[in-house]
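Visitor: So here's structure.txt (compact mmCIF, C-alpha atoms and all ligand atoms).
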```txt
# COMPACT_ATOMS: atom_id res chain seq x y z
CA MET O 63 0.00 0.00 0.00
CA LYS O 64 1.31 3.48 -0.78
CA ARG O 65 2.15 5.67 2.18
CA LYS O 66 0.21 8.88 2.56
CA LEU O 67 1.87 12.18 1.65
CA ILE O 68 1.61 15.21 3.92
CA ALA O 69 2.91 18.37 2.25
CA GLY O 70 3.22 21.71 3.99
CA ASN O 71 2.72 24.85 1.92
CA TRP O 72 4.33 27.67 3.85
CA LYS O 73 3.02 30.22 1.31
CA MET O 74 4.72 33.65 1.72
CA ASN O 75 5.65 33.13 5.36
CA GLY O 76 8.88 32.61 7.23
CA SER O 77 12.22 34.22 7.97
CA LEU O 78 15.70 32.81 8.41
CA ALA O 79 15.15 32.64 12.17
CA ALA O 80 11.58 31.31 12.05
CA ASN O 81 12.50 28.64 9.48
CA GLU O 82 15.38 27.44 11.59
CA ALA O 83 13.13 27.06 14.61
CA LEU O 84 10.33 25.38 12.63
CA VAL O 85 12.52 22.88 10.78
CA GLY O 86 14.44 22.15 13.97
CA ALA O 87 11.22 21.32 15.80
CA LEU O 88 9.93 19.21 12.90
CA LEU O 89 13.15 17.20 12.73
CA ALA O 90 13.19 16.75 16.49
CA GLY O 91 9.58 15.54 16.56
CA ALA O 92 9.24 13.49 13.39
CA GLY O 93 11.21 10.39 14.35
CA GLU O 94 10.63 7.73 11.70
CA PRO O 95 7.42 9.04 10.16
CA GLY O 96 4.83 6.56 8.93
CA CYS O 97 4.05 8.80 5.98
CA GLU O 98 5.86 10.73 3.28
CA ALA O 99 6.27 14.42 4.11
CA ALA O 100 7.35 17.48 2.18
CA LEU O 101 7.92 21.16 2.92
CA CYS O 102 7.04 23.57 0.09
CA VAL O 103 8.93 26.69 1.10
CA PRO O 104 9.37 30.14 -0.46
CA ALA O 105 12.03 30.06 -3.20
CA ALA O 106 14.24 32.46 -1.29
CA TYR O 107 14.60 29.89 1.50
CA LEU O 108 15.16 26.73 -0.54
CA ALA O 109 18.91 26.74 0.08
CA GLN O 110 18.48 27.41 3.78
CA VAL O 111 15.88 24.68 4.28
CA ARG O 112 17.91 22.23 2.17
CA GLY O 113 20.79 22.86 4.57
CA LEU O 114 18.60 22.59 7.68
CA LEU O 115 17.18 19.25 6.51
CA GLY O 116 20.70 17.90 6.04
CA ASN O 117 20.53 14.21 5.24
CA SER O 118 17.21 13.65 7.01
CA THR O 119 14.93 11.39 5.02
CA ALA O 120 11.80 12.45 6.92
CA PHE O 121 11.07 15.56 4.84
CA ALA O 122 11.48 16.16 1.13
CA LEU O 123 12.08 19.67 -0.15
CA GLY O 124 9.35 21.34 -2.18
CA ALA O 125 8.86 24.63 -4.03
CA GLN O 126 5.65 26.60 -4.53
CA ASP O 127 5.91 27.57 -8.19
CA LEU O 128 8.21 27.36 -11.21
CA SER O 129 8.51 29.01 -14.59
CA ALA O 130 6.63 27.73 -17.62
CA HIS O 131 9.76 28.59 -19.61
CA GLU O 132 12.93 26.56 -19.77
CA SER O 133 15.52 29.36 -19.46
CA GLY O 134 16.39 32.79 -20.79
CA ALA O 135 15.06 36.34 -20.65
CA TYR O 136 12.27 35.92 -18.10
CA THR O 137 13.19 38.34 -15.32
CA GLY O 138 12.20 37.13 -11.89
CA GLU O 139 11.32 33.62 -12.97
CA ILE O 140 12.81 30.44 -11.52
CA SER O 141 13.29 27.42 -13.78
CA ALA O 142 12.71 23.76 -13.05
CA ALA O 143 16.43 23.10 -13.56
CA MET O 144 17.29 25.70 -10.89
CA LEU O 145 14.90 24.07 -8.43
CA LYS O 146 16.43 20.70 -9.22
CA ASP O 147 19.87 22.18 -8.47
CA PHE O 148 18.68 22.79 -4.92
CA GLY O 149 17.42 19.25 -4.42
CA VAL O 150 13.75 20.09 -4.90
CA ARG O 151 11.62 16.94 -5.16
CA TYR O 152 8.11 18.44 -5.35
CA CYS O 153 6.72 21.66 -6.78
CA LEU O 154 3.21 23.04 -6.39
CA VAL O 155 1.66 23.89 -9.73
CA GLY O 156 -1.51 25.88 -10.30
CA HIS O 157 -2.28 26.68 -6.67
CA SER O 158 -5.54 28.62 -6.56
CA GLU O 159 -3.68 31.66 -5.25
CA ARG O 160 -1.54 31.60 -8.43
CA ARG O 161 -4.61 31.12 -10.59
CA GLN O 162 -6.50 33.89 -8.77
CA TYR O 163 -3.82 36.55 -8.23
CA HIS O 164 -1.39 35.82 -11.05
CA GLY O 165 -3.73 34.92 -13.86
CA GLU O 166 -2.51 31.36 -14.29
CA THR O 167 -4.66 29.55 -16.81
CA ASP O 168 -5.08 25.81 -17.30
CA ALA O 169 -2.68 26.12 -20.25
CA VAL O 170 0.05 27.73 -18.13
CA VAL O 171 -0.46 25.21 -15.34
CA THR O 172 -0.08 22.40 -17.85
CA LEU O 173 3.21 23.82 -19.16
CA LYS O 174 4.53 24.19 -15.63
CA ALA O 175 3.66 20.58 -14.84
CA GLN O 176 5.48 19.55 -18.02
CA ARG O 177 8.60 21.56 -17.07
CA ALA O 178 8.66 19.99 -13.62
CA LEU O 179 8.28 16.45 -14.97
CA ALA O 180 11.01 17.03 -17.56
CA ALA O 181 13.39 18.09 -14.78
CA GLY O 182 12.55 15.10 -12.59
CA ILE O 183 10.48 17.12 -10.12
CA THR O 184 7.05 15.83 -9.07
CA PRO O 185 4.42 18.49 -9.77
CA ILE O 186 1.67 18.76 -7.16
CA VAL O 187 -1.12 19.87 -9.49
CA CYS O 188 -3.75 21.85 -7.58
CA VAL O 189 -7.38 21.90 -8.63
CA GLY O 190 -10.50 23.19 -6.92
CA GLU O 191 -13.72 25.10 -7.33
CA THR O 192 -14.74 28.48 -5.94
CA LEU O 193 -17.77 28.87 -3.70
CA ALA O 194 -19.79 30.32 -6.59
CA GLU O 195 -18.89 27.34 -8.76
CA ARG O 196 -19.87 24.89 -6.02
CA GLU O 197 -23.17 26.65 -5.46
CA ALA O 198 -23.84 26.56 -9.20
CA GLY O 199 -23.32 22.77 -9.19
CA GLN O 200 -20.13 23.06 -11.26
CA THR O 201 -17.63 21.45 -8.88
CA GLU O 202 -17.12 18.29 -10.88
CA ALA O 203 -16.93 20.08 -14.24
CA VAL O 204 -14.37 22.58 -12.93
CA VAL O 205 -11.96 20.09 -11.37
CA ARG O 206 -12.28 17.75 -14.34
CA ARG O 207 -11.47 20.59 -16.74
CA GLN O 208 -8.43 21.65 -14.67
CA LEU O 209 -7.08 18.10 -14.49
CA ALA O 210 -7.93 17.27 -18.11
CA ALA O 211 -5.61 20.03 -19.33
CA VAL O 212 -2.68 18.46 -17.49
CA ILE O 213 -3.58 14.90 -18.56
CA HIS O 214 -3.91 15.99 -22.17
CA THR O 215 -0.31 17.20 -22.36
CA ASN O 216 1.35 14.88 -19.86
CA GLY O 217 -0.67 11.69 -20.32
CA HIS O 218 2.38 9.51 -20.95
CA CYS O 219 3.78 10.20 -17.49
CA ILE O 220 0.62 11.08 -15.62
CA SER O 221 1.32 8.51 -12.90
CA GLU O 222 4.31 10.68 -11.90
CA ILE O 223 2.19 13.61 -10.76
CA VAL O 224 0.50 14.34 -7.44
CA VAL O 225 -2.95 15.92 -7.50
CA ALA O 226 -4.23 18.22 -4.75
CA TYR O 227 -7.93 18.95 -4.44
CA GLU O 228 -8.24 22.31 -2.73
CA PRO O 229 -11.72 23.80 -2.72
CA VAL O 230 -11.04 27.53 -2.87
CA TRP O 231 -13.76 28.27 -0.31
CA ALA O 232 -11.97 26.07 2.25
CA ILE O 233 -8.52 27.65 1.93
CA GLY O 234 -7.52 29.74 4.92
CA THR O 235 -11.14 30.12 5.93
CA GLY O 236 -11.36 27.52 8.68
CA LYS O 237 -14.17 25.92 6.64
CA THR O 238 -13.19 22.38 5.73
CA ALA O 239 -14.92 20.22 3.18
CA THR O 240 -16.62 17.38 5.01
CA PRO O 241 -14.90 14.03 4.53
CA GLU O 242 -17.85 12.99 2.34
CA GLN O 243 -17.66 16.14 0.18
CA ALA O 244 -13.92 15.69 -0.27
CA GLN O 245 -14.17 11.96 -0.98
CA GLN O 246 -16.83 12.58 -3.62
CA VAL O 247 -14.51 14.88 -5.57
CA HIS O 248 -11.48 12.66 -5.00
CA ALA O 249 -13.39 9.72 -6.48
CA VAL O 250 -14.15 11.80 -9.58
CA LEU O 251 -10.47 12.71 -9.93
CA ARG O 252 -9.38 9.10 -9.39
CA ALA O 253 -11.76 7.88 -12.11
CA GLN O 254 -10.44 10.53 -14.49
CA LEU O 255 -6.85 9.47 -13.78
CA GLN O 256 -7.80 5.81 -14.17
CA ALA O 257 -9.20 6.50 -17.60
CA ALA O 258 -5.84 8.02 -18.54
CA SER O 259 -3.46 5.53 -16.96
CA ALA O 260 -3.39 1.95 -15.75
CA GLN O 261 -1.04 3.23 -13.02
CA ALA O 262 -3.56 5.68 -11.57
CA GLY O 263 -3.78 3.78 -8.30
CA ARG O 264 -0.21 4.93 -7.55
CA ILE O 265 -1.09 8.61 -7.78
CA HIS O 266 -1.45 10.53 -4.53
CA ILE O 267 -4.57 12.69 -4.43
CA LEU O 268 -4.19 15.15 -1.55
CA TYR O 269 -6.90 17.16 0.15
CA GLY O 270 -6.15 20.77 1.08
CA GLY O 271 -8.22 23.48 2.71
CA SER O 272 -8.15 24.13 6.46
CA MET O 273 -6.84 20.66 7.24
CA ASN O 274 -5.64 20.63 10.83
CA ALA O 275 -4.69 18.36 13.69
CA ALA O 276 -8.35 17.97 14.70
CA ASN O 277 -9.90 17.05 11.35
CA ALA O 278 -7.02 15.27 9.60
CA ALA O 279 -7.73 11.70 10.73
CA GLU O 280 -11.31 11.73 9.49
CA LEU O 281 -10.35 13.19 6.11
CA LEU O 282 -7.39 10.85 5.69
CA ALA O 283 -9.61 7.83 6.43
CA GLN O 284 -11.46 8.32 3.14
CA PRO O 285 -10.54 5.74 0.50
CA ASP O 286 -9.37 8.23 -2.14
CA ILE O 287 -7.70 10.78 0.15
CA ASP O 288 -4.02 9.90 -0.01
CA GLY O 289 -2.67 12.78 2.02
CA GLY O 290 -2.95 16.47 2.70
CA LEU O 291 -1.69 19.83 1.47
CA ILE O 292 -1.48 21.95 4.57
CA GLY O 293 -1.26 25.75 4.68
CA GLY O 294 -1.69 27.48 8.04
CA ALA O 295 -1.15 24.38 10.18
CA SER O 296 2.17 23.66 8.45
CA LEU O 297 3.69 26.73 10.13
CA LYS O 298 3.28 25.22 13.61
CA ALA O 299 5.46 22.19 14.24
CA PRO O 300 3.14 20.45 16.75
CA ASP O 301 0.16 20.81 14.40
CA PHE O 302 2.04 19.59 11.33
CA LEU O 303 3.51 16.67 13.28
CA ALA O 304 0.03 15.75 14.56
CA ILE O 305 -1.30 15.69 10.98
CA MET O 306 1.66 13.49 10.00
CA ALA O 307 0.84 11.18 12.89
CA ALA O 308 -2.77 10.95 11.70
CA ALA O 309 -1.46 9.83 8.29
CA ARG O 310 0.17 6.63 9.52
P1 LIG S 1 -4.95 26.30 4.66
O1 LIG S 1 -4.53 24.95 5.22
O2 LIG S 1 -4.32 27.45 5.37
O3 LIG S 1 -6.42 26.39 4.48
O4 LIG S 1 -4.31 26.37 3.18
C1 LIG S 1 -4.53 25.32 2.31
C2 LIG S 1 -3.67 25.54 1.12
O5 LIG S 1 -3.92 26.40 0.30
C3 LIG S 1 -2.50 24.67 0.99
O6 LIG S 1 -1.93 24.81 -0.28
```
The structure given in the file should be rewritten as structure tokens.

Guide:
Amino acid sequence: MKRKLIAGNWKMNGSLAANEALVGALLAGAGEPGCEAALCVPAAYLAQVRGLLGNSTAFALGAQDLSAHESGAYTGEISAAMLKDFGVRYCLVGHSERRQYHGETDAVVTLKAQRALAAGITPIVCVGETLAEREAGQTEAVVRRQLAAVIHTNGHCISEIVVAYEPVWAIGTGKTATPEQAQQVHAVLRAQLQAASAQAGRIHILYGGSMNAANAAELLAQPDIDGGLIGGASLKAPDFLAIMAAAR
């Protein structure tokens, strides 16, 4: 059976001092985790966190975004190859905050996933509906469209991706999808992946959106929830470690 994956998304938080304290506490508390774990940190801190993790196998290093371009005159962008240079194993792609505030379309998200895969980095492809879309009964259509774009271009290696279902209305709001609501969407995503690949059972489908130490176990008990993508609670070591413990 595949182990669950718990990924922390620090978003635009942290400082040299805060990161040192957080990673120190995570390493001290993790022991031999019964799940896979990753820390998706701001690009500016990749080198620091790589160094803090040392040769620990408990946490993989992750980034939060990458360029859709390979290299060249793209001021401010960071390429997949650069992330790989720093030992990055996972990279978030198409987080709703990127789609919402930076105009990332399905086409851009697809290219980014392709760049990550080509560099040997596992893209964590984020999908999810807004509250208006849910209320209009469009949840399934929206997440299927977002995932279809990535499958269309990367179908040959689709079993190498991670998918994260993050309902936009549950992000940072303290409102979590119920385990049943989340499972329903995860089952749709699983079926879509199965139609594209015989290896779809290997793919981790993470839930994200106000997952915390109190609700993690119930969400992670669902058959198609293979882990979590954690925002706020990933900034507090005891909370993140408790979610990891619930993922055993
Ligand atoms: P919160 O856990 O803070 O709701 O954030 C979820 C998220 O967006 C993780 O990528």

Visitor: Quick one: residues within 7 Å of ligand LIG 1 (chain S), with only C-alpha atoms and all ligand atoms, as a list in words?

Guide: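 Within the 7 Å cut-off, the matching residues are Asn71, His157, Glu228, Ala232, Ile233, Gly234, Thr235, Gly236, Gly270, Gly271, Ser272, Met273, Leu291, Ile292, Gly293, Gly294 and Ala295 of chain O.
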
Visitor: How about saving the chosen residues, C-alpha atoms kept, as a short mmCIF file (atom, residue, chain, number, x, y, z; two decimals), in the coordinates of the input?

Guide:
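Saved result, selection09.cif, follows:
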```cif
data_model
loop_
_atom_site.label_atom_id
_atom_site.label_comp_id
_atom_site.auth_asym_id
_atom_site.auth_seq_id
_atom_site.Cartn_x
_atom_site.Cartn_y
_atom_site.Cartn_z
CA ASN O 71 2.72 24.85 1.92
CA HIS O 157 -2.28 26.68 -6.67
CA GLU O 228 -8.24 22.31 -2.73
CA ALA O 232 -11.97 26.07 2.25
CA ILE O 233 -8.52 27.65 1.93
CA GLY O 234 -7.52 29.74 4.92
CA THR O 235 -11.14 30.12 5.93
CA GLY O 236 -11.36 27.52 8.68
CA GLY O 270 -6.15 20.77 1.08
CA GLY O 271 -8.22 23.48 2.71
CA SER O 272 -8.15 24.13 6.46
CA MET O 273 -6.84 20.66 7.24
CA LEU O 291 -1.69 19.83 1.47
CA ILE O 292 -1.48 21.95 4.57
CA GLY O 293 -1.26 25.75 4.68
CA GLY O 294 -1.69 27.48 8.04
CA ALA O 295 -1.15 24.38 10.18
#
```

Visitor: Record the distance separating CA of Gly156 (chain O) and CA of Val171 (chain O), expressed in Å with one decimal.

Guide: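 About the pair CA of Gly156 (chain O) and CA of Val171 (chain O): they are 5.2 Å apart.
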
Visitor: Check the smallest atom-to-atom distance from each of O:Leu179, O:Ala92, O:Met74, O:Ala69 to His218 (chain O) using all atoms listed in the file, then report the winner.

Guide: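 Answer, going by the shortest atom-to-atom distance: O:Leu179.
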
Visitor: Within 12 Å of region 219-225 of chain O, which residues of region 276-296 of chain O show up? Give each one with its shortest atom-to-atom distance in Å (one decimal) and the two atoms involved, counting all atoms listed in the file, rows by chain then rising residue number, as JSON lines.

Guide:
```
{"residue": "O:Asp286", "atom": "CA", "partner": "O:Val225", "partner_atom": "CA", "distance": 11.4}
{"residue": "O:Ile287", "atom": "CA", "partner": "O:Val225", "partner_atom": "CA", "distance": 10.4}
{"residue": "O:Asp288", "atom": "CA", "partner": "O:Val225", "partner_atom": "CA", "distance": 9.7}
{"residue": "O:Gly289", "atom": "CA", "partner": "O:Val225", "partner_atom": "CA", "distance": 10.0}
{"residue": "O:Gly290", "atom": "CA", "partner": "O:Val225", "partner_atom": "CA", "distance": 10.2}
{"residue": "O:Leu291", "atom": "CA", "partner": "O:Val225", "partner_atom": "CA", "distance": 9.9}
```

Visitor: Skip Ala308 (chain O) itself and residues of its chain fewer than 3 positions away, then list as a list in words all residues within 7 Å of it, counting all atoms listed in the file.

Guide: Ala278, Ala279, Ala304 and Ile305 of chain O

Visitor: For Glu82 (chain O), which of O:Ile186, O:Ala307, O:Leu115, O:Ala249 is the closest residue, counting only C-alpha atoms?

Guide: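 For Glu82 (chain O), the nearest of the candidates is O:Leu115.
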
Visitor: Just how far from CA of Ile140 (chain O) is CA of Asp168 (chain O), in Å to one decimal?

Guide: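 Separating CA of Asp168 (chain O) from CA of Ile140 (chain O) is a distance of 19.4 Å.
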
Visitor: Arg177 (chain O): which residues within 10 Å, counting only C-alpha atoms, same-chain residues fewer than 2 positions away excluded, as a list of chain:residue names?

Guide: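 Once the adjacent positions are removed, what remains is O:Leu128, O:Ser129, O:Ala130, O:His131, O:Glu132, O:Ser141, O:Ala142, O:Ala143, O:Val171, O:Thr172, O:Leu173, O:Lys174, O:Ala175, O:Leu179, O:Ala180, O:Ala181, O:Gly182, O:Ile183, O:Thr184, O:Pro185.
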
Visitor: Please indicate the distance in Å from CA of Phe148 (chain O) to CA of Gly113 (chain O), rounded to one decimal place.

Guide: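 According to the coordinates, CA of Phe148 (chain O) and CA of Gly113 (chain O) are separated by 9.7 Å.
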
Visitor: Take every atom of region 103-113 of chain O listed in the file, fit an axis-aligned box around them, add 3 Å per side, and give the centre and edge lengths in Å to one decimal as AutoDock Vina command-line options.

Guide:
```
--center_x 14.9 --center_y 27.3 --center_z 0.7 --size_x 17.9 --size_y 16.2 --size_z 13.8
```

Visitor: Could the residues of region 118-171 of chain O that have an atom at most 12 Å from region 187-203 of chain O be listed as a tab-separated table, each with its closest atom pair and the distance in Å to one decimal, counting all atoms listed in the file and ordered by chain and ascending residue number?

Guide:
```
residue	atom	partner	partner_atom	distance
O:Gln126	CA	O:Val187	CA	10.8
O:Asp127	CA	O:Val187	CA	10.5
O:Tyr152	CA	O:Val187	CA	10.2
O:Cys153	CA	O:Val187	CA	8.5
O:Leu154	CA	O:Val187	CA	6.2
O:Val155	CA	O:Val187	CA	4.9
O:Gly156	CA	O:Cys188	CA	5.4
O:His157	CA	O:Cys188	CA	5.1
O:Ser158	CA	O:Cys188	CA	7.1
O:Glu159	CA	O:Cys188	CA	10.1
O:Arg160	CA	O:Cys188	CA	10.0
O:Arg161	CA	O:Cys188	CA	9.8
O:Gln162	CA	O:Thr192	CA	10.3
O:Glu166	CA	O:Cys188	CA	11.7
O:Thr167	CA	O:Val189	CA	11.5
O:Asp168	CA	O:Val189	CA	9.8
O:Val170	CA	O:Val187	CA	11.7
O:Val171	CA	O:Val187	CA	7.9
```

Visitor: Choose the residue, out of O:Gly149, O:Arg310, O:Gly138, O:Leu297, that has the smallest atom-to-atom separation from Ser77 (chain O); count only C-alpha atoms.

Guide: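 Result for the nearest residue to Ser77 (chain O): O:Leu297.
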
Visitor: With distances taken over all atoms listed in the file, which of O:Met306, O:Ala299, O:Leu123, O:Leu209 is nearest to Leu89 (chain O)?

Guide: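 Closest candidate: O:Ala299.
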
Visitor: May I ask which of the residues O:Leu145, O:Leu114, O:Leu281, O:Ala109 is the closest one to Ala90 (chain O), counting all atoms listed in the file?

Guide: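 Using all atoms listed in the file, the shortest distance to Ala90 (chain O) belongs to O:Leu114.
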
Visitor: Please write as an MDAnalysis selection string the list of polymer residues whose atoms come within 12 Å of (10.7, 14.3, 12.2), counting all atoms listed in the file and keeping to the coordinates of the file.

Guide: chainID O and resid 84:101 115 118:122 299:300 302:304 306:307

Visitor: Would you mind writing region 73-84 of chain O with all heavy atoms, as a PDB file, in the coordinates of the input?

Guide:
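Written out: selection.pdb:
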```pdb
ATOM      1  N   LYS O  73       3.449  28.985   1.986  1.00  0.00           N
ATOM      2  CA  LYS O  73       3.020  30.220   1.310  1.00  0.00           C
ATOM      3  C   LYS O  73       4.081  31.306   1.537  1.00  0.00           C
ATOM      4  O   LYS O  73       5.261  30.980   1.672  1.00  0.00           O
ATOM      5  CB  LYS O  73       1.616  30.621   1.753  1.00  0.00           C
ATOM      6  CG  LYS O  73       0.631  29.446   1.598  1.00  0.00           C
ATOM      7  CD  LYS O  73      -0.808  29.837   1.667  1.00  0.00           C
ATOM      8  CE  LYS O  73      -1.674  28.589   1.468  1.00  0.00           C
ATOM      9  NZ  LYS O  73      -3.110  28.880   1.458  1.00  0.00           N
ATOM     10  N   MET O  74       3.699  32.593   1.582  1.00  0.00           N
ATOM     11  CA  MET O  74       4.720  33.650   1.720  1.00  0.00           C
ATOM     12  C   MET O  74       4.914  33.977   3.203  1.00  0.00           C
ATOM     13  O   MET O  74       4.617  35.073   3.672  1.00  0.00           O
ATOM     14  CB  MET O  74       4.323  34.894   0.924  1.00  0.00           C
ATOM     15  CG  MET O  74       5.515  35.829   0.678  1.00  0.00           C
ATOM     16  SD  MET O  74       5.139  37.181  -0.449  1.00  0.00           S
ATOM     17  CE  MET O  74       4.062  38.201   0.544  1.00  0.00           C
ATOM     18  N   ASN O  75       5.395  32.976   3.926  1.00  0.00           N
ATOM     19  CA  ASN O  75       5.650  33.130   5.360  1.00  0.00           C
ATOM     20  C   ASN O  75       7.048  32.620   5.660  1.00  0.00           C
ATOM     21  O   ASN O  75       7.582  31.793   4.937  1.00  0.00           O
ATOM     22  CB  ASN O  75       4.621  32.306   6.158  1.00  0.00           C
ATOM     23  CG  ASN O  75       3.213  32.848   5.995  1.00  0.00           C
ATOM     24  OD1 ASN O  75       2.898  33.946   6.449  1.00  0.00           O
ATOM     25  ND2 ASN O  75       2.365  32.092   5.306  1.00  0.00           N
ATOM     26  N   GLY O  76       7.584  33.101   6.764  1.00  0.00           N
ATOM     27  CA  GLY O  76       8.880  32.610   7.230  1.00  0.00           C
ATOM     28  C   GLY O  76       9.928  33.692   7.269  1.00  0.00           C
ATOM     29  O   GLY O  76       9.736  34.806   6.763  1.00  0.00           O
ATOM     30  N   SER O  77      11.032  33.366   7.905  1.00  0.00           N
ATOM     31  CA  SER O  77      12.220  34.220   7.970  1.00  0.00           C
ATOM     32  C   SER O  77      13.358  33.254   8.274  1.00  0.00           C
ATOM     33  O   SER O  77      13.105  32.097   8.653  1.00  0.00           O
ATOM     34  CB  SER O  77      12.096  35.263   9.082  1.00  0.00           C
ATOM     35  OG  SER O  77      12.078  34.607  10.343  1.00  0.00           O
ATOM     36  N   LEU O  78      14.582  33.715   8.124  1.00  0.00           N
ATOM     37  CA  LEU O  78      15.700  32.810   8.410  1.00  0.00           C
ATOM     38  C   LEU O  78      15.555  32.230   9.821  1.00  0.00           C
ATOM     39  O   LEU O  78      15.695  31.021  10.029  1.00  0.00           O
ATOM     40  CB  LEU O  78      17.032  33.555   8.270  1.00  0.00           C
ATOM     41  CG  LEU O  78      17.449  33.934   6.838  1.00  0.00           C
ATOM     42  CD1 LEU O  78      18.699  34.806   6.858  1.00  0.00           C
ATOM     43  CD2 LEU O  78      17.711  32.676   5.992  1.00  0.00           C
ATOM     44  N   ALA O  79      15.233  33.104  10.776  1.00  0.00           N
ATOM     45  CA  ALA O  79      15.150  32.640  12.170  1.00  0.00           C
ATOM     46  C   ALA O  79      13.953  31.725  12.382  1.00  0.00           C
ATOM     47  O   ALA O  79      14.064  30.663  13.012  1.00  0.00           O
ATOM     48  CB  ALA O  79      15.080  33.853  13.100  1.00  0.00           C
ATOM     49  N   ALA O  80      12.797  32.122  11.845  1.00  0.00           N
ATOM     50  CA  ALA O  80      11.580  31.310  12.050  1.00  0.00           C
ATOM     51  C   ALA O  80      11.726  29.946  11.379  1.00  0.00           C
ATOM     52  O   ALA O  80      11.303  28.925  11.931  1.00  0.00           O
ATOM     53  CB  ALA O  80      10.366  32.058  11.500  1.00  0.00           C
ATOM     54  N   ASN O  81      12.339  29.918  10.190  1.00  0.00           N
ATOM     55  CA  ASN O  81      12.500  28.640   9.480  1.00  0.00           C
ATOM     56  C   ASN O  81      13.399  27.691  10.266  1.00  0.00           C
ATOM     57  O   ASN O  81      13.150  26.491  10.326  1.00  0.00           O
ATOM     58  CB  ASN O  81      13.120  28.846   8.096  1.00  0.00           C
ATOM     59  CG  ASN O  81      12.308  29.799   7.231  1.00  0.00           C
ATOM     60  OD1 ASN O  81      11.160  30.073   7.516  1.00  0.00           O
ATOM     61  ND2 ASN O  81      12.925  30.309   6.177  1.00  0.00           N
ATOM     62  N   GLU O  82      14.446  28.275  10.840  1.00  0.00           N
ATOM     63  CA  GLU O  82      15.380  27.440  11.590  1.00  0.00           C
ATOM     64  C   GLU O  82      14.675  26.799  12.775  1.00  0.00           C
ATOM     65  O   GLU O  82      14.831  25.602  13.044  1.00  0.00           O
ATOM     66  CB  GLU O  82      16.563  28.307  12.063  1.00  0.00           C
ATOM     67  CG  GLU O  82      17.707  27.479  12.578  1.00  0.00           C
ATOM     68  CD  GLU O  82      18.970  28.298  12.842  1.00  0.00           C
ATOM     69  OE1 GLU O  82      19.131  29.390  12.247  1.00  0.00           O
ATOM     70  OE2 GLU O  82      19.785  27.827  13.653  1.00  0.00           O
ATOM     71  N   ALA O  83      13.853  27.593  13.450  1.00  0.00           N
ATOM     72  CA  ALA O  83      13.130  27.060  14.610  1.00  0.00           C
ATOM     73  C   ALA O  83      12.106  26.004  14.168  1.00  0.00           C
ATOM     74  O   ALA O  83      11.990  24.934  14.782  1.00  0.00           O
ATOM     75  CB  ALA O  83      12.431  28.211  15.345  1.00  0.00           C
ATOM     76  N   LEU O  84      11.379  26.301  13.086  1.00  0.00           N
ATOM     77  CA  LEU O  84      10.330  25.380  12.630  1.00  0.00           C
ATOM     78  C   LEU O  84      10.922  24.052  12.155  1.00  0.00           C
ATOM     79  O   LEU O  84      10.477  22.974  12.577  1.00  0.00           O
ATOM     80  CB  LEU O  84       9.522  26.053  11.503  1.00  0.00           C
ATOM     81  CG  LEU O  84       8.421  25.229  10.826  1.00  0.00           C
ATOM     82  CD1 LEU O  84       7.437  24.691  11.846  1.00  0.00           C
ATOM     83  CD2 LEU O  84       7.685  26.088   9.780  1.00  0.00           C
TER      84      LEU O  84
END
```
